[in-house]
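Text of start_4.txt, listed as compact mmCIF, N, CA and C atoms:
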# COMPACT_ATOMS: atom_id res chain seq x y z
N MET R 1 -61.35 217.30 -227.03
CA MET R 1 -62.18 217.66 -228.15
C MET R 1 -61.95 219.13 -228.48
N LYS R 2 -61.77 219.41 -229.76
CA LYS R 2 -61.60 220.78 -230.22
C LYS R 2 -62.95 221.34 -230.63
N VAL R 3 -63.16 222.60 -230.31
CA VAL R 3 -64.37 223.28 -230.72
C VAL R 3 -63.95 224.49 -231.55
N LYS R 4 -64.55 224.61 -232.71
CA LYS R 4 -64.23 225.72 -233.60
C LYS R 4 -65.54 226.33 -234.08
N VAL R 5 -65.64 227.63 -233.98
CA VAL R 5 -66.83 228.33 -234.44
C VAL R 5 -66.55 228.85 -235.85
N ILE R 6 -67.45 228.52 -236.75
CA ILE R 6 -67.30 228.96 -238.14
C ILE R 6 -68.54 229.76 -238.51
N GLU R 7 -68.31 230.98 -238.97
CA GLU R 7 -69.43 231.82 -239.39
C GLU R 7 -69.86 231.39 -240.79
N ILE R 8 -71.14 231.13 -240.92
CA ILE R 8 -71.68 230.67 -242.20
C ILE R 8 -72.73 231.67 -242.67
N ASN R 9 -72.40 232.32 -243.79
CA ASN R 9 -73.30 233.32 -244.35
C ASN R 9 -73.87 232.92 -245.71
N SER R 10 -73.40 231.81 -246.22
CA SER R 10 -73.86 231.39 -247.55
C SER R 10 -73.72 229.88 -247.69
N LEU R 11 -74.29 229.35 -248.74
CA LEU R 11 -74.14 227.92 -249.02
C LEU R 11 -72.67 227.59 -249.28
N LYS R 12 -71.96 228.51 -249.90
CA LYS R 12 -70.53 228.29 -250.16
C LYS R 12 -69.76 228.17 -248.84
N ASP R 13 -70.10 229.02 -247.87
CA ASP R 13 -69.47 228.94 -246.54
C ASP R 13 -69.75 227.59 -245.89
N LEU R 14 -70.99 227.13 -246.02
CA LEU R 14 -71.37 225.84 -245.45
C LEU R 14 -70.60 224.71 -246.12
N ASP R 15 -70.47 224.78 -247.43
CA ASP R 15 -69.72 223.78 -248.18
C ASP R 15 -68.27 223.73 -247.70
N SER R 16 -67.66 224.90 -247.54
CA SER R 16 -66.28 224.97 -247.07
C SER R 16 -66.15 224.44 -245.64
N ALA R 17 -67.12 224.78 -244.80
CA ALA R 17 -67.09 224.31 -243.41
C ALA R 17 -67.19 222.79 -243.35
N LEU R 18 -68.05 222.20 -244.19
CA LEU R 18 -68.16 220.74 -244.22
C LEU R 18 -66.84 220.11 -244.68
N ASP R 19 -66.18 220.74 -245.65
CA ASP R 19 -64.87 220.24 -246.08
C ASP R 19 -63.88 220.24 -244.92
N GLU R 20 -63.89 221.33 -244.14
CA GLU R 20 -62.99 221.42 -242.99
C GLU R 20 -63.26 220.32 -241.97
N VAL R 21 -64.53 220.10 -241.68
CA VAL R 21 -64.90 219.08 -240.69
C VAL R 21 -64.51 217.69 -241.18
N ILE R 22 -64.77 217.41 -242.45
CA ILE R 22 -64.40 216.11 -243.01
C ILE R 22 -62.89 215.91 -242.92
N GLU R 23 -62.12 216.95 -243.21
CA GLU R 23 -60.66 216.86 -243.12
C GLU R 23 -60.21 216.63 -241.68
N GLU R 24 -60.84 217.32 -240.73
CA GLU R 24 -60.50 217.12 -239.31
C GLU R 24 -60.77 215.68 -238.88
N ILE R 25 -61.88 215.12 -239.33
CA ILE R 25 -62.21 213.73 -239.00
C ILE R 25 -61.17 212.79 -239.62
N ARG R 26 -60.79 213.06 -240.86
CA ARG R 26 -59.77 212.25 -241.53
C ARG R 26 -58.45 212.31 -240.75
N ASN R 27 -58.08 213.51 -240.31
CA ASN R 27 -56.85 213.67 -239.53
C ASN R 27 -56.94 212.93 -238.20
N ALA R 28 -58.10 212.98 -237.56
CA ALA R 28 -58.28 212.26 -236.30
C ALA R 28 -58.13 210.76 -236.51
N SER R 29 -58.64 210.25 -237.63
CA SER R 29 -58.49 208.83 -237.93
C SER R 29 -57.03 208.46 -238.09
N ASP R 30 -56.28 209.33 -238.77
CA ASP R 30 -54.85 209.09 -238.95
C ASP R 30 -54.12 209.09 -237.61
N GLU R 31 -54.50 210.02 -236.73
CA GLU R 31 -53.90 210.07 -235.40
C GLU R 31 -54.23 208.81 -234.61
N ASN R 32 -55.45 208.31 -234.74
CA ASN R 32 -55.85 207.08 -234.05
C ASN R 32 -54.98 205.92 -234.50
N GLU R 33 -54.70 205.83 -235.79
CA GLU R 33 -53.85 204.76 -236.29
C GLU R 33 -52.44 204.87 -235.73
N ALA R 34 -51.95 206.09 -235.58
CA ALA R 34 -50.59 206.30 -235.11
C ALA R 34 -50.40 205.84 -233.66
N VAL R 35 -51.44 205.92 -232.85
CA VAL R 35 -51.32 205.54 -231.45
C VAL R 35 -51.91 204.16 -231.15
N GLU R 36 -52.33 203.46 -232.18
CA GLU R 36 -53.02 202.19 -231.98
C GLU R 36 -52.19 201.20 -231.17
N ASP R 37 -50.90 201.14 -231.41
CA ASP R 37 -50.05 200.19 -230.70
C ASP R 37 -49.94 200.51 -229.21
N GLU R 38 -50.14 201.76 -228.86
CA GLU R 38 -49.97 202.19 -227.48
C GLU R 38 -51.24 202.06 -226.64
N HIS R 39 -52.38 201.86 -227.26
CA HIS R 39 -53.64 201.88 -226.54
C HIS R 39 -54.48 200.66 -226.89
N ASP R 40 -55.61 200.58 -226.25
CA ASP R 40 -56.56 199.50 -226.45
C ASP R 40 -57.04 199.47 -227.90
N CYS R 41 -56.75 198.40 -228.59
CA CYS R 41 -57.10 198.29 -230.02
C CYS R 41 -58.61 198.36 -230.25
N GLU R 42 -59.39 197.81 -229.34
CA GLU R 42 -60.85 197.86 -229.50
C GLU R 42 -61.36 199.29 -229.47
N THR R 43 -60.81 200.08 -228.57
CA THR R 43 -61.22 201.49 -228.48
C THR R 43 -60.84 202.24 -229.74
N ILE R 44 -59.63 202.02 -230.22
CA ILE R 44 -59.18 202.69 -231.44
C ILE R 44 -60.03 202.26 -232.63
N THR R 45 -60.33 200.98 -232.72
CA THR R 45 -61.17 200.47 -233.81
C THR R 45 -62.56 201.11 -233.76
N ALA R 46 -63.12 201.23 -232.57
CA ALA R 46 -64.43 201.86 -232.42
C ALA R 46 -64.38 203.33 -232.83
N LEU R 47 -63.32 204.03 -232.44
CA LEU R 47 -63.17 205.43 -232.83
C LEU R 47 -63.03 205.57 -234.34
N ARG R 48 -62.27 204.68 -234.93
CA ARG R 48 -62.07 204.72 -236.38
C ARG R 48 -63.40 204.50 -237.11
N LYS R 49 -64.19 203.54 -236.61
CA LYS R 49 -65.50 203.26 -237.21
C LYS R 49 -66.42 204.47 -237.07
N GLU R 50 -66.42 205.07 -235.89
CA GLU R 50 -67.25 206.26 -235.66
C GLU R 50 -66.82 207.41 -236.57
N ASN R 51 -65.51 207.60 -236.71
CA ASN R 51 -65.00 208.65 -237.60
C ASN R 51 -65.44 208.42 -239.04
N GLU R 52 -65.37 207.17 -239.49
CA GLU R 52 -65.77 206.85 -240.86
C GLU R 52 -67.26 207.10 -241.05
N GLU R 53 -68.07 206.74 -240.06
CA GLU R 53 -69.51 206.98 -240.15
C GLU R 53 -69.80 208.48 -240.22
N LEU R 54 -69.09 209.27 -239.43
CA LEU R 54 -69.27 210.72 -239.46
C LEU R 54 -68.86 211.29 -240.82
N ARG R 55 -67.75 210.80 -241.35
CA ARG R 55 -67.29 211.26 -242.66
C ARG R 55 -68.33 210.96 -243.74
N LEU R 56 -68.88 209.75 -243.70
CA LEU R 56 -69.89 209.38 -244.69
C LEU R 56 -71.15 210.24 -244.56
N GLU R 57 -71.56 210.48 -243.32
CA GLU R 57 -72.74 211.31 -243.09
C GLU R 57 -72.51 212.73 -243.59
N LEU R 58 -71.34 213.28 -243.31
CA LEU R 58 -71.04 214.63 -243.79
C LEU R 58 -70.93 214.68 -245.30
N SER R 59 -70.40 213.64 -245.90
CA SER R 59 -70.33 213.58 -247.36
C SER R 59 -71.73 213.56 -247.97
N THR R 60 -72.65 212.88 -247.31
CA THR R 60 -74.04 212.87 -247.76
C THR R 60 -74.63 214.28 -247.69
N TYR R 61 -74.35 214.99 -246.59
CA TYR R 61 -74.82 216.37 -246.46
C TYR R 61 -74.22 217.25 -247.55
N LYS R 62 -72.95 217.03 -247.87
CA LYS R 62 -72.30 217.81 -248.92
C LYS R 62 -72.99 217.56 -250.26
N ALA R 63 -73.33 216.33 -250.54
CA ALA R 63 -74.01 216.01 -251.80
C ALA R 63 -75.37 216.71 -251.86
N LYS R 64 -76.09 216.69 -250.74
CA LYS R 64 -77.38 217.38 -250.69
C LYS R 64 -77.20 218.88 -250.86
N LEU R 65 -76.16 219.42 -250.25
CA LEU R 65 -75.87 220.84 -250.36
C LEU R 65 -75.57 221.21 -251.81
N ARG R 66 -74.80 220.40 -252.49
CA ARG R 66 -74.50 220.66 -253.90
C ARG R 66 -75.79 220.68 -254.73
N HIS R 67 -76.69 219.76 -254.43
CA HIS R 67 -77.97 219.71 -255.13
C HIS R 67 -78.75 221.01 -254.89
N VAL R 68 -78.78 221.47 -253.65
CA VAL R 68 -79.46 222.72 -253.33
C VAL R 68 -78.79 223.89 -254.05
N GLN R 69 -77.46 223.90 -254.08
CA GLN R 69 -76.75 224.97 -254.78
C GLN R 69 -77.11 224.99 -256.27
N GLU R 70 -77.21 223.82 -256.87
CA GLU R 70 -77.58 223.74 -258.29
C GLU R 70 -78.97 224.31 -258.52
N ILE R 71 -79.89 223.99 -257.62
CA ILE R 71 -81.26 224.51 -257.74
C ILE R 71 -81.27 226.03 -257.58
N VAL R 72 -80.54 226.52 -256.59
CA VAL R 72 -80.50 227.96 -256.33
C VAL R 72 -79.85 228.70 -257.50
N ASN R 73 -78.82 228.12 -258.08
CA ASN R 73 -78.09 228.78 -259.16
C ASN R 73 -78.79 228.68 -260.51
N SER R 74 -79.81 227.83 -260.62
CA SER R 74 -80.48 227.69 -261.93
C SER R 74 -81.66 228.61 -262.08
Translate this structure into structure tokens?
Amino acid sequence: MKVKVIEINSLKDLDSALDEVIEEIRNASDENEAVEDEHDCETITALRKENEELRLELSTYKAKLRHVQEIVNS
């Protein structure tokens, strides 16, 4: 597991950080597909499902963040 510390000083920073995390999850899903033939398919399928759930959850947070940004900017 990779750990990355991101300094967040604004809503824009948070938005960018969420984009990074979503991209990392997408890349992890792609890596899971690449090794699927070499490992237990059930494990890979479970990881893929978990990654997709995380991506959806983060996308929901991004949508809420955009709403907050609109309120702050108005």
Separating CA of Ala17 (chain R) from CA of Glu53 (chain R), to the nearest tenth of an Å, is a gap of 17.8 Å
Tell me which of R:Ile6, R:Leu14, R:Leu47, R:Cys41 sits closest to Lys62 (chain R), counting only N, CA and C atoms.
R:Leu14
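For the residues R:Glu57, R:Glu24, R:Glu42, R:Asp19, ranking by smallest atom-to-atom distance to Val3 (chain R) using only C-alpha atoms places R:Glu24 first.
By chain and then residue number, the residues within 12 Å of Lys64 (chain R) are Leu11, Leu14, Asp15, Leu18, Glu57, Leu58, Glu70 and Ile71 of chain R, counting only C-alpha atoms and disregarding those fewer than 6 positions away in sequence.
Between CA of Thr45 (chain R) and atom C of Ser16 (chain R) there is a distance of 27.2 Å.
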Could you go through chain R and tell me which residues DSSP, when run on the backbone, assigns to helix (DSSP H, G or I), listing them as JSON, numbers by chain?
{"R": [11, 12, 13, 14, 15, 16, 17, 18, 19, 20, 21, 22, 23, 24, 25, 26, 27, 28, 29, 30, 31, 32, 33, 34, 36, 37, 38, 41, 42, 43, 44, 45, 46, 47, 48, 49, 50, 51, 52, 53, 54, 55, 56, 57, 58, 59, 60, 61, 62, 63, 64, 65, 66, 67, 68, 69, 70, 71, 72, 73]}
